[in-house]
$ cat protein.cif   # mmCIF, N, CA and C atoms and all ligand atoms
data_work
#
loop_
_atom_site.group_PDB
_atom_site.id
_atom_site.type_symbol
_atom_site.label_atom_id
_atom_site.label_comp_id
_atom_site.auth_asym_id
_atom_site.auth_seq_id
_atom_site.Cartn_x
_atom_site.Cartn_y
_atom_site.Cartn_z
ATOM 1 N N MET Y 804 -2.484 -1.066 67.831
ATOM 2 C CA MET Y 804 -2.215 -0.347 69.099
ATOM 3 C C MET Y 804 -0.727 -0.103 69.269
ATOM 4 N N THR Y 805 -0.287 1.020 68.888
ATOM 5 C CA THR Y 805 1.115 1.345 69.100
ATOM 6 C C THR Y 805 1.248 2.258 70.304
ATOM 7 N N LYS Y 806 2.182 1.906 71.116
ATOM 8 C CA LYS Y 806 2.418 2.773 72.265
ATOM 9 C C LYS Y 806 3.192 4.001 71.806
ATOM 10 N N GLY Y 807 2.626 5.149 72.054
ATOM 11 C CA GLY Y 807 3.242 6.386 71.585
ATOM 12 C C GLY Y 807 4.545 6.684 72.281
ATOM 13 N N SER Y 808 5.593 6.020 71.817
ATOM 14 C CA SER Y 808 6.893 6.294 72.416
ATOM 15 C C SER Y 808 7.652 7.274 71.541
ATOM 16 N N SER Y 809 7.056 8.431 71.363
ATOM 17 C CA SER Y 809 7.697 9.439 70.530
ATOM 18 C C SER Y 809 8.914 10.005 71.249
ATOM 19 N N SER Y 810 9.810 10.532 70.466
ATOM 20 C CA SER Y 810 11.013 11.097 71.063
ATOM 21 C C SER Y 810 10.643 12.206 72.040
ATOM 22 N N SER Y 811 11.378 12.289 73.113
ATOM 23 C CA SER Y 811 11.015 13.192 74.195
ATOM 24 C C SER Y 811 11.175 14.645 73.793
ATOM 25 N N SER Y 812 10.116 15.213 73.247
ATOM 26 C CA SER Y 812 10.135 16.644 73.009
ATOM 27 C C SER Y 812 9.806 17.317 74.325
ATOM 28 N N SER Y 813 10.775 17.999 74.864
ATOM 29 C CA SER Y 813 10.627 18.501 76.225
ATOM 30 C C SER Y 813 9.554 19.577 76.311
ATOM 31 N N SER Y 814 8.390 19.177 76.752
ATOM 32 C CA SER Y 814 7.324 20.140 77.001
ATOM 33 C C SER Y 814 7.041 20.150 78.497
ATOM 34 N N VAL Y 815 7.915 20.829 79.218
ATOM 35 C CA VAL Y 815 7.807 20.842 80.672
ATOM 36 C C VAL Y 815 6.960 22.018 81.124
ATOM 37 N N LEU Y 816 5.810 21.709 81.673
ATOM 38 C CA LEU Y 816 4.957 22.767 82.194
ATOM 39 C C LEU Y 816 5.307 23.048 83.635
ATOM 40 N N PRO Y 817 5.082 24.271 84.057
ATOM 41 C CA PRO Y 817 5.203 24.548 85.487
ATOM 42 C C PRO Y 817 4.227 23.673 86.259
ATOM 43 N N ARG Y 818 4.630 23.238 87.418
ATOM 44 C CA ARG Y 818 3.802 22.308 88.173
ATOM 45 C C ARG Y 818 2.392 22.830 88.404
ATOM 46 N N SER Y 819 2.315 24.104 88.732
ATOM 47 C CA SER Y 819 1.016 24.653 89.107
ATOM 48 C C SER Y 819 0.044 24.632 87.937
ATOM 49 N N LEU Y 820 0.571 24.694 86.708
ATOM 50 C CA LEU Y 820 -0.311 24.736 85.548
ATOM 51 C C LEU Y 820 -0.621 23.351 85.029
ATOM 52 N N ALA Y 821 0.241 22.408 85.321
ATOM 53 C CA ALA Y 821 0.063 21.066 84.785
ATOM 54 C C ALA Y 821 -0.915 20.282 85.641
ATOM 55 N N ALA Y 822 -2.182 20.588 85.502
ATOM 56 C CA ALA Y 822 -3.181 19.837 86.247
ATOM 57 C C ALA Y 822 -3.273 18.432 85.673
ATOM 58 N N PRO Y 823 -3.121 17.437 86.509
ATOM 59 C CA PRO Y 823 -3.174 16.065 86.016
ATOM 60 C C PRO Y 823 -4.583 15.690 85.590
ATOM 61 N N THR Y 824 -4.667 14.746 84.727
ATOM 62 C CA THR Y 824 -5.976 14.239 84.332
ATOM 63 C C THR Y 824 -6.295 13.000 85.140
ATOM 64 N N CYS Y 825 -7.564 12.759 85.298
ATOM 65 C CA CYS Y 825 -7.997 11.568 86.014
ATOM 66 C C CYS Y 825 -7.787 10.347 85.121
ATOM 67 N N ARG Y 826 -7.989 9.165 85.689
ATOM 68 C CA ARG Y 826 -7.866 7.944 84.885
ATOM 69 C C ARG Y 826 -8.933 7.884 83.801
ATOM 70 N N CYS Y 827 -10.002 8.664 83.985
ATOM 71 C CA CYS Y 827 -11.040 8.742 82.958
ATOM 72 C C CYS Y 827 -10.702 9.817 81.934
ATOM 73 N N SER Y 828 -9.505 10.361 82.048
ATOM 74 C CA SER Y 828 -8.968 11.346 81.123
ATOM 75 C C SER Y 828 -9.690 12.690 81.163
ATOM 76 N N ARG Y 829 -10.460 12.920 82.215
ATOM 77 C CA ARG Y 829 -11.026 14.246 82.402
ATOM 78 C C ARG Y 829 -9.998 15.138 83.078
ATOM 79 N N PRO Y 830 -10.027 16.425 82.797
ATOM 80 C CA PRO Y 830 -9.148 17.345 83.518
ATOM 81 C C PRO Y 830 -9.615 17.479 84.961
ATOM 82 N N THR Y 831 -8.669 17.661 85.845
ATOM 83 C CA THR Y 831 -9.025 17.788 87.254
ATOM 84 C C THR Y 831 -9.072 19.256 87.661
ATOM 85 N N VAL Y 832 -9.765 19.499 88.738
ATOM 86 C CA VAL Y 832 -9.879 20.838 89.293
ATOM 87 C C VAL Y 832 -9.248 20.841 90.680
ATOM 88 N N VAL Y 833 -8.632 21.954 91.015
ATOM 89 C CA VAL Y 833 -7.989 22.040 92.324
ATOM 90 C C VAL Y 833 -9.015 22.387 93.397
ATOM 91 N N PHE Y 834 -9.084 21.534 94.392
ATOM 92 C CA PHE Y 834 -9.936 21.776 95.544
ATOM 93 C C PHE Y 834 -9.073 21.893 96.795
ATOM 94 N N VAL Y 835 -9.652 22.409 97.857
ATOM 95 C CA VAL Y 835 -8.934 22.468 99.125
ATOM 96 C C VAL Y 835 -9.599 21.539 100.119
ATOM 97 N N SER Y 836 -8.780 20.681 100.706
ATOM 98 C CA SER Y 836 -9.292 19.743 101.695
ATOM 99 C C SER Y 836 -9.468 20.430 103.040
ATOM 100 N N TRP Y 837 -10.565 20.133 103.705
ATOM 101 C CA TRP Y 837 -10.766 20.671 105.061
ATOM 102 C C TRP Y 837 -11.064 19.558 106.049
ATOM 103 N N THR Y 838 -10.421 18.424 105.840
ATOM 104 C CA THR Y 838 -10.562 17.352 106.804
ATOM 105 C C THR Y 838 -9.644 17.620 107.989
ATOM 106 N N ASP Y 839 -9.868 16.882 109.064
ATOM 107 C CA ASP Y 839 -9.013 17.045 110.244
ATOM 108 C C ASP Y 839 -7.575 16.670 109.935
ATOM 109 N N ASP Y 840 -7.406 15.687 109.056
ATOM 110 C CA ASP Y 840 -6.064 15.209 108.743
ATOM 111 C C ASP Y 840 -5.309 16.161 107.825
ATOM 112 N N ASN Y 841 -6.022 16.780 106.910
ATOM 113 C CA ASN Y 841 -5.359 17.610 105.912
ATOM 114 C C ASN Y 841 -6.011 18.983 105.765
ATOM 115 N N PRO Y 842 -6.043 19.748 106.826
ATOM 116 C CA PRO Y 842 -6.680 21.059 106.740
ATOM 117 C C PRO Y 842 -5.902 22.000 105.846
ATOM 118 N N GLY Y 843 -6.574 22.516 104.844
ATOM 119 C CA GLY Y 843 -5.950 23.502 103.981
ATOM 120 C C GLY Y 843 -5.087 22.915 102.886
ATOM 121 N N ARG Y 844 -5.030 21.612 102.776
ATOM 122 C CA ARG Y 844 -4.190 20.994 101.759
ATOM 123 C C ARG Y 844 -4.951 20.918 100.434
ATOM 124 N N ARG Y 845 -4.257 21.281 99.359
ATOM 125 C CA ARG Y 845 -4.922 21.302 98.054
ATOM 126 C C ARG Y 845 -4.805 19.958 97.352
ATOM 127 N N PHE Y 846 -5.826 19.616 96.619
ATOM 128 C CA PHE Y 846 -5.782 18.363 95.868
ATOM 129 C C PHE Y 846 -6.513 18.516 94.540
ATOM 130 N N ASN Y 847 -6.176 17.634 93.595
ATOM 131 C CA ASN Y 847 -6.827 17.623 92.295
ATOM 132 C C ASN Y 847 -8.044 16.709 92.371
ATOM 133 N N ARG Y 848 -9.143 17.228 91.859
ATOM 134 C CA ARG Y 848 -10.390 16.503 92.005
ATOM 135 C C ARG Y 848 -11.046 16.299 90.644
ATOM 136 N N CYS Y 849 -11.493 15.079 90.391
ATOM 137 C CA CYS Y 849 -12.262 14.782 89.189
ATOM 138 C C CYS Y 849 -13.733 14.945 89.531
ATOM 139 N N GLU Y 850 -14.472 15.559 88.631
ATOM 140 C CA GLU Y 850 -15.879 15.813 88.945
ATOM 141 C C GLU Y 850 -16.676 14.524 89.034
ATOM 142 N N VAL Y 851 -16.142 13.458 88.484
ATOM 143 C CA VAL Y 851 -16.835 12.175 88.525
ATOM 144 C C VAL Y 851 -16.295 11.295 89.642
ATOM 145 N N HIS Y 852 -14.966 11.202 89.719
ATOM 146 C CA HIS Y 852 -14.355 10.246 90.638
ATOM 147 C C HIS Y 852 -13.847 10.862 91.938
ATOM 148 N N GLY Y 853 -13.960 12.182 92.046
ATOM 149 C CA GLY Y 853 -13.522 12.814 93.277
ATOM 150 C C GLY Y 853 -12.011 12.932 93.333
ATOM 151 N N PHE Y 854 -11.457 12.625 94.498
ATOM 152 C CA PHE Y 854 -10.032 12.808 94.730
ATOM 153 C C PHE Y 854 -9.184 12.081 93.692
ATOM 154 N N VAL Y 855 -8.184 12.790 93.129
ATOM 155 C CA VAL Y 855 -7.255 12.172 92.181
ATOM 156 C C VAL Y 855 -5.851 12.169 92.766
ATOM 157 N N SER Y 856 -5.351 13.333 93.115
ATOM 158 C CA SER Y 856 -4.008 13.403 93.680
ATOM 159 C C SER Y 856 -3.844 14.718 94.431
ATOM 160 N N TRP Y 857 -2.839 14.757 95.272
ATOM 161 C CA TRP Y 857 -2.563 15.979 96.016
ATOM 162 C C TRP Y 857 -1.820 16.980 95.146
ATOM 163 N N VAL Y 858 -2.117 18.241 95.350
ATOM 164 C CA VAL Y 858 -1.328 19.296 94.725
ATOM 165 C C VAL Y 858 -0.102 19.550 95.590
ATOM 166 N N ASP Y 859 -0.318 19.632 96.867
ATOM 167 C CA ASP Y 859 0.793 19.811 97.810
ATOM 168 C C ASP Y 859 1.378 18.451 98.112
ATOM 169 N N THR Y 860 2.271 18.018 97.225
ATOM 170 C CA THR Y 860 2.775 16.659 97.353
ATOM 171 C C THR Y 860 4.002 16.555 98.243
ATOM 172 N N ALA Y 861 4.546 17.679 98.634
ATOM 173 C CA ALA Y 861 5.707 17.640 99.506
ATOM 174 C C ALA Y 861 5.331 17.011 100.845
ATOM 175 N N ASP Y 862 6.327 16.893 101.691
ATOM 176 C CA ASP Y 862 6.064 16.386 103.025
ATOM 177 C C ASP Y 862 4.853 17.064 103.635
ATOM 178 N N PRO Y 863 4.000 16.311 104.299
ATOM 179 C CA PRO Y 863 2.927 16.971 105.040
ATOM 180 C C PRO Y 863 3.489 18.010 105.986
ATOM 181 N N THR Y 864 4.665 17.738 106.490
ATOM 182 C CA THR Y 864 5.267 18.688 107.430
ATOM 183 C C THR Y 864 5.522 20.029 106.771
ATOM 184 N N GLU Y 865 5.777 19.997 105.461
ATOM 185 C CA GLU Y 865 6.080 21.252 104.785
ATOM 186 C C GLU Y 865 4.900 22.201 104.789
ATOM 187 N N TRP Y 866 3.739 21.716 104.367
ATOM 188 C CA TRP Y 866 2.601 22.624 104.269
ATOM 189 C C TRP Y 866 1.847 22.757 105.572
ATOM 190 N N GLN Y 867 2.080 21.846 106.492
ATOM 191 C CA GLN Y 867 1.429 21.985 107.799
ATOM 192 C C GLN Y 867 2.265 22.833 108.735
ATOM 193 N N LYS Y 868 3.576 22.784 108.518
ATOM 194 C CA LYS Y 868 4.490 23.451 109.436
ATOM 195 C C LYS Y 868 4.153 24.922 109.592
ATOM 196 N N THR Y 869 3.919 25.563 108.467
ATOM 197 C CA THR Y 869 3.689 26.999 108.500
ATOM 198 C C THR Y 869 2.573 27.376 109.459
ATOM 199 N N SER Y 870 1.447 26.719 109.291
ATOM 200 C CA SER Y 870 0.315 27.078 110.131
ATOM 201 C C SER Y 870 0.513 26.610 111.560
ATOM 202 N N LEU Y 871 1.227 25.493 111.721
ATOM 203 C CA LEU Y 871 1.472 25.002 113.072
ATOM 204 C C LEU Y 871 2.381 25.947 113.833
ATOM 205 N N ILE Y 872 3.429 26.427 113.174
ATOM 206 C CA ILE Y 872 4.349 27.351 113.828
ATOM 207 C C ILE Y 872 3.611 28.623 114.196
ATOM 208 N N ASP Y 873 2.778 29.075 113.301
ATOM 209 C CA ASP Y 873 1.967 30.250 113.587
ATOM 210 C C ASP Y 873 1.174 30.060 114.863
ATOM 211 N N ALA Y 874 0.459 28.952 114.914
ATOM 212 C CA ALA Y 874 -0.386 28.677 116.073
ATOM 213 C C ALA Y 874 0.458 28.553 117.338
ATOM 214 N N ARG Y 875 1.597 27.890 117.217
ATOM 215 C CA ARG Y 875 2.460 27.699 118.378
ATOM 216 C C ARG Y 875 2.924 29.031 118.934
ATOM 217 N N ASP Y 876 3.359 29.903 118.021
ATOM 218 C CA ASP Y 876 3.844 31.196 118.470
ATOM 219 C C ASP Y 876 2.752 31.993 119.160
ATOM 220 N N GLN Y 877 1.565 31.890 118.627
ATOM 221 C CA GLN Y 877 0.460 32.616 119.242
ATOM 222 C C GLN Y 877 0.183 32.078 120.634
ATOM 223 N N ILE Y 878 0.230 30.764 120.768
ATOM 224 C CA ILE Y 878 -0.026 30.154 122.072
ATOM 225 C C ILE Y 878 1.063 30.545 123.060
ATOM 226 N N ARG Y 879 2.301 30.498 122.586
ATOM 227 C CA ARG Y 879 3.414 30.886 123.461
ATOM 228 C C ARG Y 879 3.241 32.306 123.969
ATOM 229 N N ARG Y 880 2.942 33.174 123.034
ATOM 230 C CA ARG Y 880 2.784 34.572 123.408
ATOM 231 C C ARG Y 880 1.661 34.713 124.425
ATOM 232 N N TYR Y 881 0.602 34.006 124.161
ATOM 233 C CA TYR Y 881 -0.551 34.078 125.039
ATOM 234 C C TYR Y 881 -0.198 33.559 126.430
ATOM 235 N N LYS Y 882 0.505 32.428 126.467
ATOM 236 C CA LYS Y 882 0.877 31.840 127.756
ATOM 237 C C LYS Y 882 1.791 32.779 128.539
ATOM 238 N N ARG Y 883 2.762 33.345 127.806
ATOM 239 C CA ARG Y 883 3.701 34.216 128.486
ATOM 240 C C ARG Y 883 2.972 35.406 129.111
ATOM 241 N N GLU Y 884 2.020 35.910 128.379
ATOM 242 C CA GLU Y 884 1.294 37.076 128.883
ATOM 243 C C GLU Y 884 0.447 36.698 130.091
ATOM 244 N N THR Y 885 -0.180 35.551 130.022
ATOM 245 C CA THR Y 885 -1.097 35.185 131.105
ATOM 246 C C THR Y 885 -0.353 34.669 132.318
ATOM 247 N N SER Y 886 0.901 34.176 132.125
ATOM 248 C CA SER Y 886 1.614 33.596 133.255
ATOM 249 C C SER Y 886 2.360 34.648 134.069
ATOM 250 N N HIS Y 887 2.322 35.874 133.613
ATOM 251 C CA HIS Y 887 2.988 36.927 134.387
ATOM 252 C C HIS Y 887 2.287 37.125 135.730
ATOM 253 N N GLU Y 888 1.042 37.405 135.633
ATOM 254 C CA GLU Y 888 0.223 37.557 136.852
ATOM 255 C C GLU Y 888 0.897 38.424 137.888
ATOM 256 N N LEU Y 889 1.370 39.560 137.470
ATOM 257 C CA LEU Y 889 2.019 40.444 138.440
ATOM 258 C C LEU Y 889 0.992 41.286 139.176
HETATM 259 ZN ZN ZN P 1 -12.433 10.674 86.720
#

$ encode --input "protein.cif" --output "structure tokens"
Amino acid sequence: MTKGSSSSSSSVLPRSLAAPTCRCSRPTVVFVSWTDDNPGRRFNRCEVHGFVSWVDTADPTEWQKTSLIDARDQIRRYKRETSHEL
């Protein structure tokens, strides 16, 4: 059993293409989470073991911010329009 510590031949894949493998060494598939906690967040899924890792690994604020700001602006606009009551 030799640990393959071969010299680092730089094979850097773009993040989006480098789908991680599960601990069972199966390739993972990208799914989208629709839970209340992580709506719209993408994750890598093993067909056997389910969730493996997040694709959107940045701050939750990063990928949630966009949709939250959208919603906020819509609400603001709506409130402003309804609060005129002229
Ligand atoms: Zn697996």

$ resolve_selection --input "protein.cif" --expression "the PyMOL selection byres (((not hetatm)) within 8 of (chain P and resi 1))" --output "PDB file with N, CA and C atoms, in the frame of the given file"
ATOM      1  N   THR Y 824      -4.667  14.746  84.727  1.00  0.00           N
ATOM      2  CA  THR Y 824      -5.976  14.239  84.332  1.00  0.00           C
ATOM      3  C   THR Y 824      -6.295  13.000  85.140  1.00  0.00           C
ATOM      4  N   CYS Y 825      -7.564  12.759  85.298  1.00  0.00           N
ATOM      5  CA  CYS Y 825      -7.997  11.568  86.014  1.00  0.00           C
ATOM      6  C   CYS Y 825      -7.787  10.347  85.121  1.00  0.00           C
ATOM      7  N   ARG Y 826      -7.989   9.165  85.689  1.00  0.00           N
ATOM      8  CA  ARG Y 826      -7.866   7.944  84.885  1.00  0.00           C
ATOM      9  C   ARG Y 826      -8.933   7.884  83.801  1.00  0.00           C
ATOM     10  N   CYS Y 827     -10.002   8.664  83.985  1.00  0.00           N
ATOM     11  CA  CYS Y 827     -11.040   8.742  82.958  1.00  0.00           C
ATOM     12  C   CYS Y 827     -10.702   9.817  81.934  1.00  0.00           C
ATOM     13  N   SER Y 828      -9.505  10.361  82.048  1.00  0.00           N
ATOM     14  CA  SER Y 828      -8.968  11.346  81.123  1.00  0.00           C
ATOM     15  C   SER Y 828      -9.690  12.690  81.163  1.00  0.00           C
ATOM     16  N   ARG Y 829     -10.460  12.920  82.215  1.00  0.00           N
ATOM     17  CA  ARG Y 829     -11.026  14.246  82.402  1.00  0.00           C
ATOM     18  C   ARG Y 829      -9.998  15.138  83.078  1.00  0.00           C
ATOM     19  N   PRO Y 830     -10.027  16.425  82.797  1.00  0.00           N
ATOM     20  CA  PRO Y 830      -9.148  17.345  83.518  1.00  0.00           C
ATOM     21  C   PRO Y 830      -9.615  17.479  84.961  1.00  0.00           C
ATOM     22  N   THR Y 831      -8.669  17.661  85.845  1.00  0.00           N
ATOM     23  CA  THR Y 831      -9.025  17.788  87.254  1.00  0.00           C
ATOM     24  C   THR Y 831      -9.072  19.256  87.661  1.00  0.00           C
ATOM     25  N   ARG Y 848      -9.143  17.228  91.859  1.00  0.00           N
ATOM     26  CA  ARG Y 848     -10.390  16.503  92.005  1.00  0.00           C
ATOM     27  C   ARG Y 848     -11.046  16.299  90.644  1.00  0.00           C
ATOM     28  N   CYS Y 849     -11.493  15.079  90.391  1.00  0.00           N
ATOM     29  CA  CYS Y 849     -12.262  14.782  89.189  1.00  0.00           C
ATOM     30  C   CYS Y 849     -13.733  14.945  89.531  1.00  0.00           C
ATOM     31  N   GLU Y 850     -14.472  15.559  88.631  1.00  0.00           N
ATOM     32  CA  GLU Y 850     -15.879  15.813  88.945  1.00  0.00           C
ATOM     33  C   GLU Y 850     -16.676  14.524  89.034  1.00  0.00           C
ATOM     34  N   VAL Y 851     -16.142  13.458  88.484  1.00  0.00           N
ATOM     35  CA  VAL Y 851     -16.835  12.175  88.525  1.00  0.00           C
ATOM     36  C   VAL Y 851     -16.295  11.295  89.642  1.00  0.00           C
ATOM     37  N   HIS Y 852     -14.966  11.202  89.719  1.00  0.00           N
ATOM     38  CA  HIS Y 852     -14.355  10.246  90.638  1.00  0.00           C
ATOM     39  C   HIS Y 852     -13.847  10.862  91.938  1.00  0.00           C
ATOM     40  N   GLY Y 853     -13.960  12.182  92.046  1.00  0.00           N
ATOM     41  CA  GLY Y 853     -13.522  12.814  93.277  1.00  0.00           C
ATOM     42  C   GLY Y 853     -12.011  12.932  93.333  1.00  0.00           C
ATOM     43  N   PHE Y 854     -11.457  12.625  94.498  1.00  0.00           N
ATOM     44  CA  PHE Y 854     -10.032  12.808  94.730  1.00  0.00           C
ATOM     45  C   PHE Y 854      -9.184  12.081  93.692  1.00  0.00           C
ATOM     46  N   VAL Y 855      -8.184  12.790  93.129  1.00  0.00           N
ATOM     47  CA  VAL Y 855      -7.255  12.172  92.181  1.00  0.00           C
ATOM     48  C   VAL Y 855      -5.851  12.169  92.766  1.00  0.00           C
TER      49      VAL Y 855
END

$ atom_distance --input "protein.cif" --atom1 "atom C of Lys868 (chain Y)" --atom2 "atom C of Ala822 (chain Y)"
25.9 Å

$ atom_distance --input "protein.cif" --atom1 "atom N of Arg844 (chain Y)" --atom2 "atom N of Trp857 (chain Y)"
10.4 Å

$ atom_distance --input "protein.cif" --atom1 "atom N of Ile872 (chain Y)" --atom2 "CA of Ser886 (chain Y)"
21.4 Å

$ resolve_selection --input "protein.cif" --expression "the PyMOL selection byres (((chain Y and resi 845) around 5) and not hetatm)" --output "list in words"
Phe834, Val835, Ser836, Gly843, Arg844, Phe846, Asn847, Trp857, Val858 and Asp859 of chain Y

$ build_atoms --input "protein.cif" --residues "region 846-857 of chain Y" --atoms "N, CA, C and O atoms" --output "PDB file, in the coordinates of the input"
ATOM      1  N   PHE Y 846      -5.826  19.616  96.619  1.00  0.00           N
ATOM      2  CA  PHE Y 846      -5.782  18.363  95.868  1.00  0.00           C
ATOM      3  C   PHE Y 846      -6.513  18.516  94.540  1.00  0.00           C
ATOM      4  O   PHE Y 846      -7.330  19.413  94.356  1.00  0.00           O
ATOM      5  N   ASN Y 847      -6.176  17.634  93.595  1.00  0.00           N
ATOM      6  CA  ASN Y 847      -6.827  17.623  92.295  1.00  0.00           C
ATOM      7  C   ASN Y 847      -8.044  16.709  92.371  1.00  0.00           C
ATOM      8  O   ASN Y 847      -7.968  15.595  92.860  1.00  0.00           O
ATOM      9  N   ARG Y 848      -9.143  17.228  91.859  1.00  0.00           N
ATOM     10  CA  ARG Y 848     -10.390  16.503  92.005  1.00  0.00           C
ATOM     11  C   ARG Y 848     -11.046  16.299  90.644  1.00  0.00           C
ATOM     12  O   ARG Y 848     -11.153  17.223  89.842  1.00  0.00           O
ATOM     13  N   CYS Y 849     -11.493  15.079  90.391  1.00  0.00           N
ATOM     14  CA  CYS Y 849     -12.262  14.782  89.189  1.00  0.00           C
ATOM     15  C   CYS Y 849     -13.733  14.945  89.531  1.00  0.00           C
ATOM     16  O   CYS Y 849     -14.174  14.529  90.600  1.00  0.00           O
ATOM     17  N   GLU Y 850     -14.472  15.559  88.631  1.00  0.00           N
ATOM     18  CA  GLU Y 850     -15.879  15.813  88.945  1.00  0.00           C
ATOM     19  C   GLU Y 850     -16.676  14.524  89.034  1.00  0.00           C
ATOM     20  O   GLU Y 850     -17.785  14.496  89.562  1.00  0.00           O
ATOM     21  N   VAL Y 851     -16.142  13.458  88.484  1.00  0.00           N
ATOM     22  CA  VAL Y 851     -16.835  12.175  88.525  1.00  0.00           C
ATOM     23  C   VAL Y 851     -16.295  11.295  89.642  1.00  0.00           C
ATOM     24  O   VAL Y 851     -17.043  10.718  90.430  1.00  0.00           O
ATOM     25  N   HIS Y 852     -14.966  11.202  89.719  1.00  0.00           N
ATOM     26  CA  HIS Y 852     -14.355  10.246  90.638  1.00  0.00           C
ATOM     27  C   HIS Y 852     -13.847  10.862  91.938  1.00  0.00           C
ATOM     28  O   HIS Y 852     -13.336  10.172  92.799  1.00  0.00           O
ATOM     29  N   GLY Y 853     -13.960  12.182  92.046  1.00  0.00           N
ATOM     30  CA  GLY Y 853     -13.522  12.814  93.277  1.00  0.00           C
ATOM     31  C   GLY Y 853     -12.011  12.932  93.333  1.00  0.00           C
ATOM     32  O   GLY Y 853     -11.371  13.265  92.338  1.00  0.00           O
ATOM     33  N   PHE Y 854     -11.457  12.625  94.498  1.00  0.00           N
ATOM     34  CA  PHE Y 854     -10.032  12.808  94.730  1.00  0.00           C
ATOM     35  C   PHE Y 854      -9.184  12.081  93.692  1.00  0.00           C
ATOM     36  O   PHE Y 854      -9.401  10.908  93.401  1.00  0.00           O
ATOM     37  N   VAL Y 855      -8.184  12.790  93.129  1.00  0.00           N
ATOM     38  CA  VAL Y 855      -7.255  12.172  92.181  1.00  0.00           C
ATOM     39  C   VAL Y 855      -5.851  12.169  92.766  1.00  0.00           C
ATOM     40  O   VAL Y 855      -5.224  11.121  92.893  1.00  0.00           O
ATOM     41  N   SER Y 856      -5.351  13.333  93.115  1.00  0.00           N
ATOM     42  CA  SER Y 856      -4.008  13.403  93.680  1.00  0.00           C
ATOM     43  C   SER Y 856      -3.844  14.718  94.431  1.00  0.00           C
ATOM     44  O   SER Y 856      -4.606  15.663  94.243  1.00  0.00           O
ATOM     45  N   TRP Y 857      -2.839  14.757  95.272  1.00  0.00           N
ATOM     46  CA  TRP Y 857      -2.563  15.979  96.016  1.00  0.00           C
ATOM     47  C   TRP Y 857      -1.820  16.980  95.146  1.00  0.00           C
ATOM     48  O   TRP Y 857      -1.013  16.595  94.321  1.00  0.00           O
TER      49      TRP Y 857
END
